[in-house]
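Visitor: Take a look at the following structure, please.
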Amino acid sequence: MVRRKRDRLWMFPGGRKRARESDKDCLRREISEELPKLKLGKLALWKEIKAKNRFSGRKMSDAIFIAKKASGNLTIGDKKEIDRAAWRKPRGLQLTPTSRYIRDEIFSKR
């Protein structure tokens, strides 16, 4: 998890795709920008979410990947945007609306 500097809300690392960029390429680029010393192994698409976020009302289109392996340090690359990174479960953290939605999809209490 990474914490945004501007509002101190936690979120899953990631970001918006650029033109002609695949979901995997976007994730690898965002990780290299946000956490440059973190190396991801093989990525597998776990779930795609296309919905309206019940917290923010925004339309969402998210691809959630599982990394077979992750290694390296959680050194922050974009210190203007992120002030902290930690291996944490998303329960008990103040999350961004999108990350709350993703948390609830992944870790549902069903």
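So you can find residues: chains in the structure tokens are A, B, ... in the order shown, residues in each start at 1, and ligands are numbered from 1 in order.
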Can you check which residues of chain A DSSP gives as alpha helix (DSSP H) on the backbone and send them as a list of chain:residue names?

Guide: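 Those in chain A that DSSP calls alpha helix (DSSP H) are A:Asp23, A:Lys24, A:Asp25, A:Cys26, A:Leu27, A:Arg28, A:Arg29, A:Glu30, A:Ile31, A:Ser32, A:Glu33, A:Glu34, A:Pro97, A:Thr98, A:Ser99, A:Arg100, A:Tyr101, A:Ile102, A:Arg103, A:Asp104, A:Glu105, A:Ile106.
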
Visitor: Just to be explicit: take each residue in the selection above, keep N, CA and C atoms, and write the result as a PDB file, in the first residue's frame.

Guide:
ATOM      1  N   ASP A  23      -2.640  -2.846 -19.925  1.00  0.00           N
ATOM      2  CA  ASP A  23      -2.830  -2.795 -18.471  1.00  0.00           C
ATOM      3  C   ASP A  23      -1.553  -3.213 -17.738  1.00  0.00           C
ATOM      4  N   LYS A  24      -0.908  -4.286 -18.210  1.00  0.00           N
ATOM      5  CA  LYS A  24       0.329  -4.749 -17.567  1.00  0.00           C
ATOM      6  C   LYS A  24       1.443  -3.712 -17.695  1.00  0.00           C
ATOM      7  N   ASP A  25       1.584  -3.131 -18.876  1.00  0.00           N
ATOM      8  CA  ASP A  25       2.624  -2.118 -19.071  1.00  0.00           C
ATOM      9  C   ASP A  25       2.368  -0.906 -18.178  1.00  0.00           C
ATOM     10  N   CYS A  26       1.097  -0.533 -18.032  1.00  0.00           N
ATOM     11  CA  CYS A  26       0.736   0.581 -17.154  1.00  0.00           C
ATOM     12  C   CYS A  26       1.146   0.278 -15.715  1.00  0.00           C
ATOM     13  N   LEU A  27       0.817  -0.920 -15.245  1.00  0.00           N
ATOM     14  CA  LEU A  27       1.167  -1.280 -13.868  1.00  0.00           C
ATOM     15  C   LEU A  27       2.677  -1.260 -13.670  1.00  0.00           C
ATOM     16  N   ARG A  28       3.415  -1.849 -14.586  1.00  0.00           N
ATOM     17  CA  ARG A  28       4.876  -1.864 -14.444  1.00  0.00           C
ATOM     18  C   ARG A  28       5.447  -0.440 -14.459  1.00  0.00           C
ATOM     19  N   ARG A  29       4.924   0.433 -15.326  1.00  0.00           N
ATOM     20  CA  ARG A  29       5.392   1.820 -15.370  1.00  0.00           C
ATOM     21  C   ARG A  29       5.065   2.543 -14.074  1.00  0.00           C
ATOM     22  N   GLU A  30       3.828   2.399 -13.599  1.00  0.00           N
ATOM     23  CA  GLU A  30       3.421   3.078 -12.364  1.00  0.00           C
ATOM     24  C   GLU A  30       4.245   2.596 -11.175  1.00  0.00           C
ATOM     25  N   ILE A  31       4.485   1.297 -11.077  1.00  0.00           N
ATOM     26  CA  ILE A  31       5.318   0.770  -9.993  1.00  0.00           C
ATOM     27  C   ILE A  31       6.724   1.349 -10.096  1.00  0.00           C
ATOM     28  N   SER A  32       7.282   1.420 -11.314  1.00  0.00           N
ATOM     29  CA  SER A  32       8.652   1.955 -11.451  1.00  0.00           C
ATOM     30  C   SER A  32       8.709   3.433 -11.090  1.00  0.00           C
ATOM     31  N   GLU A  33       7.603   4.173 -11.286  1.00  0.00           N
ATOM     32  CA  GLU A  33       7.571   5.586 -10.911  1.00  0.00           C
ATOM     33  C   GLU A  33       7.373   5.757  -9.403  1.00  0.00           C
ATOM     34  N   GLU A  34       6.440   4.993  -8.838  1.00  0.00           N
ATOM     35  CA  GLU A  34       6.081   5.159  -7.426  1.00  0.00           C
ATOM     36  C   GLU A  34       7.048   4.438  -6.485  1.00  0.00           C
ATOM     37  N   PRO A  97     -11.375   6.390  -2.115  1.00  0.00           N
ATOM     38  CA  PRO A  97     -12.629   5.724  -2.493  1.00  0.00           C
ATOM     39  C   PRO A  97     -12.424   4.537  -3.431  1.00  0.00           C
ATOM     40  N   THR A  98     -11.567   4.673  -4.417  1.00  0.00           N
ATOM     41  CA  THR A  98     -11.331   3.565  -5.344  1.00  0.00           C
ATOM     42  C   THR A  98     -10.686   2.387  -4.640  1.00  0.00           C
ATOM     43  N   SER A  99      -9.728   2.642  -3.764  1.00  0.00           N
ATOM     44  CA  SER A  99      -9.077   1.553  -3.038  1.00  0.00           C
ATOM     45  C   SER A  99     -10.034   0.882  -2.059  1.00  0.00           C
ATOM     46  N   ARG A 100     -10.962   1.636  -1.472  1.00  0.00           N
ATOM     47  CA  ARG A 100     -11.994   1.008  -0.614  1.00  0.00           C
ATOM     48  C   ARG A 100     -12.838   0.047  -1.439  1.00  0.00           C
ATOM     49  N   TYR A 101     -13.226   0.498  -2.612  1.00  0.00           N
ATOM     50  CA  TYR A 101     -14.041  -0.343  -3.479  1.00  0.00           C
ATOM     51  C   TYR A 101     -13.277  -1.620  -3.847  1.00  0.00           C
ATOM     52  N   ILE A 102     -12.025  -1.474  -4.260  1.00  0.00           N
ATOM     53  CA  ILE A 102     -11.217  -2.637  -4.634  1.00  0.00           C
ATOM     54  C   ILE A 102     -11.021  -3.551  -3.429  1.00  0.00           C
ATOM     55  N   ARG A 103     -10.725  -2.976  -2.264  1.00  0.00           N
ATOM     56  CA  ARG A 103     -10.573  -3.789  -1.052  1.00  0.00           C
ATOM     57  C   ARG A 103     -11.821  -4.612  -0.804  1.00  0.00           C
ATOM     58  N   ASP A 104     -12.982  -3.985  -0.916  1.00  0.00           N
ATOM     59  CA  ASP A 104     -14.234  -4.685  -0.645  1.00  0.00           C
ATOM     60  C   ASP A 104     -14.505  -5.779  -1.676  1.00  0.00           C
ATOM     61  N   GLU A 105     -14.047  -5.579  -2.909  1.00  0.00           N
ATOM     62  CA  GLU A 105     -14.197  -6.613  -3.938  1.00  0.00           C
ATOM     63  C   GLU A 105     -13.249  -7.781  -3.678  1.00  0.00           C
ATOM     64  N   ILE A 106     -12.015  -7.483  -3.303  1.00  0.00           N
ATOM     65  CA  ILE A 106     -11.023  -8.528  -3.102  1.00  0.00           C
ATOM     66  C   ILE A 106     -11.225  -9.254  -1.777  1.00  0.00           C
TER      67      ILE A 106
END

Visitor: Could you pull the residues within 8 Å of stretch 39-46 of chain A, counting only C-alpha atoms, minus those fewer than 2 positions along the same chain, as number ranges by chain?

Guide: A: 24, 28, 36-37, 48, 63-72

Visitor: Excluding same-chain residues fewer than 5 positions from A:Trp10, what lies within 12 Å of it counting only C-alpha atoms, as an MDAnalysis selection string?

Guide: chainID A and resid 1:5 81:100 103

Visitor: Restricting it to N, CA and C atoms, dump the selection as a tab-separated table (two decimals), in the first residue's frame.

Guide:
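Result file is again-v9.tsv:
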chain	number	residue	atom	x	y	z
A	1	MET	N	0.86	-1.17	0.00
A	1	MET	CA	0.00	0.00	0.00
A	1	MET	C	0.90	1.24	0.00
A	2	VAL	N	0.43	2.30	-0.64
A	2	VAL	CA	1.14	3.57	-0.62
A	2	VAL	C	0.20	4.65	-0.10
A	3	ARG	N	0.77	5.65	0.57
A	3	ARG	CA	-0.05	6.72	1.14
A	3	ARG	C	0.20	8.01	0.37
A	4	ARG	N	-0.91	8.63	-0.06
A	4	ARG	CA	-0.82	9.91	-0.77
A	4	ARG	C	-0.43	11.01	0.20
A	5	LYS	N	0.45	11.86	-0.23
A	5	LYS	CA	0.94	12.95	0.61
A	5	LYS	C	-0.14	14.01	0.85
A	81	GLU	N	4.03	13.03	-4.55
A	81	GLU	CA	2.72	12.38	-4.50
A	81	GLU	C	2.58	11.42	-3.31
A	82	ILE	N	3.63	10.67	-3.00
A	82	ILE	CA	3.56	9.60	-2.00
A	82	ILE	C	4.52	9.90	-0.86
A	83	ASP	N	4.03	9.71	0.40
A	83	ASP	CA	4.93	9.93	1.53
A	83	ASP	C	5.25	8.66	2.31
A	84	ARG	N	4.59	7.55	1.97
A	84	ARG	CA	4.85	6.32	2.71
A	84	ARG	C	4.44	5.12	1.87
A	85	ALA	N	5.15	4.03	2.05
A	85	ALA	CA	4.82	2.76	1.42
A	85	ALA	C	5.04	1.66	2.46
A	86	ALA	N	4.15	0.69	2.48
A	86	ALA	CA	4.26	-0.39	3.48
A	86	ALA	C	3.54	-1.63	2.97
A	87	TRP	N	4.06	-2.79	3.37
A	87	TRP	CA	3.35	-4.04	3.13
A	87	TRP	C	2.27	-4.12	4.21
A	88	ARG	N	1.05	-3.78	3.84
A	88	ARG	CA	-0.06	-3.75	4.80
A	88	ARG	C	-1.29	-4.37	4.18
A	89	LYS	N	-2.12	-4.97	5.02
A	89	LYS	CA	-3.45	-5.36	4.59
A	89	LYS	C	-4.29	-4.09	4.58
A	90	PRO	N	-5.26	-4.00	3.67
A	90	PRO	CA	-6.02	-2.75	3.55
A	90	PRO	C	-7.08	-2.52	4.62
A	91	ARG	N	-7.31	-3.45	5.49
A	91	ARG	CA	-8.28	-3.24	6.58
A	91	ARG	C	-7.68	-2.34	7.64
A	92	GLY	N	-8.47	-1.42	8.17
A	92	GLY	CA	-8.01	-0.55	9.23
A	92	GLY	C	-7.24	0.67	8.76
A	93	LEU	N	-7.14	0.86	7.45
A	93	LEU	CA	-6.46	2.03	6.90
A	93	LEU	C	-7.50	2.98	6.31
A	94	GLN	N	-7.20	4.26	6.32
A	94	GLN	CA	-8.04	5.23	5.62
A	94	GLN	C	-7.66	5.18	4.15
A	95	LEU	N	-8.57	4.66	3.33
A	95	LEU	CA	-8.29	4.43	1.92
A	95	LEU	C	-8.97	5.45	1.03
A	96	THR	N	-8.42	5.61	-0.18
A	96	THR	CA	-9.09	6.40	-1.21
A	96	THR	C	-10.40	5.68	-1.57
A	97	PRO	N	-11.38	6.39	-2.11
A	97	PRO	CA	-12.63	5.72	-2.49
A	97	PRO	C	-12.42	4.54	-3.43
A	98	THR	N	-11.57	4.67	-4.42
A	98	THR	CA	-11.33	3.56	-5.34
A	98	THR	C	-10.69	2.39	-4.64
A	99	SER	N	-9.73	2.64	-3.76
A	99	SER	CA	-9.08	1.55	-3.04
A	99	SER	C	-10.03	0.88	-2.06
A	100	ARG	N	-10.96	1.64	-1.47
A	100	ARG	CA	-11.99	1.01	-0.61
A	100	ARG	C	-12.84	0.05	-1.44
A	103	ARG	N	-10.73	-2.98	-2.26
A	103	ARG	CA	-10.57	-3.79	-1.05
A	103	ARG	C	-11.82	-4.61	-0.80

Visitor: Per DSSP on the backbone, filter chain A down to the residues in strand (DSSP E or B) and report them as an MDAnalysis selection string.

Guide: chainID A and resid 2:4 10:11 39:40 43:52 59:67 70:71 82:85 95

Visitor: Filtering to C-alpha atoms, could you give me those residues as an mmCIF file, in the first residue's frame?

Guide:
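Here's the written file again.cif:
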data_model
loop_
_atom_site.group_PDB
_atom_site.id
_atom_site.type_symbol
_atom_site.label_atom_id
_atom_site.label_comp_id
_atom_site.auth_asym_id
_atom_site.auth_seq_id
_atom_site.Cartn_x
_atom_site.Cartn_y
_atom_site.Cartn_z
ATOM 1 C CA VAL A 2 1.145 3.568 -0.622
ATOM 2 C CA ARG A 3 -0.049 6.724 1.139
ATOM 3 C CA ARG A 4 -0.816 9.908 -0.771
ATOM 4 C CA TRP A 10 -3.764 4.909 1.473
ATOM 5 C CA MET A 11 -4.192 3.300 -1.945
ATOM 6 C CA LYS A 39 10.718 -5.526 -8.879
ATOM 7 C CA LEU A 40 7.656 -7.507 -9.888
ATOM 8 C CA LEU A 43 1.867 -10.739 -13.443
ATOM 9 C CA ALA A 44 -1.480 -12.487 -13.769
ATOM 10 C CA LEU A 45 -4.747 -10.640 -14.236
ATOM 11 C CA TRP A 46 -6.913 -11.435 -11.219
ATOM 12 C CA LYS A 47 -10.001 -9.391 -11.896
ATOM 13 C CA GLU A 48 -11.322 -6.551 -13.995
ATOM 14 C CA ILE A 49 -13.804 -4.186 -12.402
ATOM 15 C CA LYS A 50 -16.034 -2.002 -14.524
ATOM 16 C CA ALA A 51 -18.554 -0.326 -12.277
ATOM 17 C CA LYS A 52 -19.701 2.880 -10.705
ATOM 18 C CA LYS A 59 -17.128 5.279 -13.345
ATOM 19 C CA MET A 60 -14.373 2.778 -12.715
ATOM 20 C CA SER A 61 -12.399 0.540 -14.998
ATOM 21 C CA ASP A 62 -9.699 -1.238 -13.040
ATOM 22 C CA ALA A 63 -7.517 -4.242 -13.806
ATOM 23 C CA ILE A 64 -6.201 -5.926 -10.668
ATOM 24 C CA PHE A 65 -3.083 -8.033 -11.033
ATOM 25 C CA ILE A 66 -1.425 -10.558 -8.766
ATOM 26 C CA ALA A 67 2.376 -10.615 -8.871
ATOM 27 C CA ALA A 70 7.912 -9.054 -5.573
ATOM 28 C CA SER A 71 11.381 -8.145 -4.371
ATOM 29 C CA ILE A 82 3.558 9.602 -2.000
ATOM 30 C CA ASP A 83 4.931 9.934 1.530
ATOM 31 C CA ARG A 84 4.849 6.325 2.711
ATOM 32 C CA ALA A 85 4.815 2.758 1.420
ATOM 33 C CA LEU A 95 -8.293 4.427 1.919
#
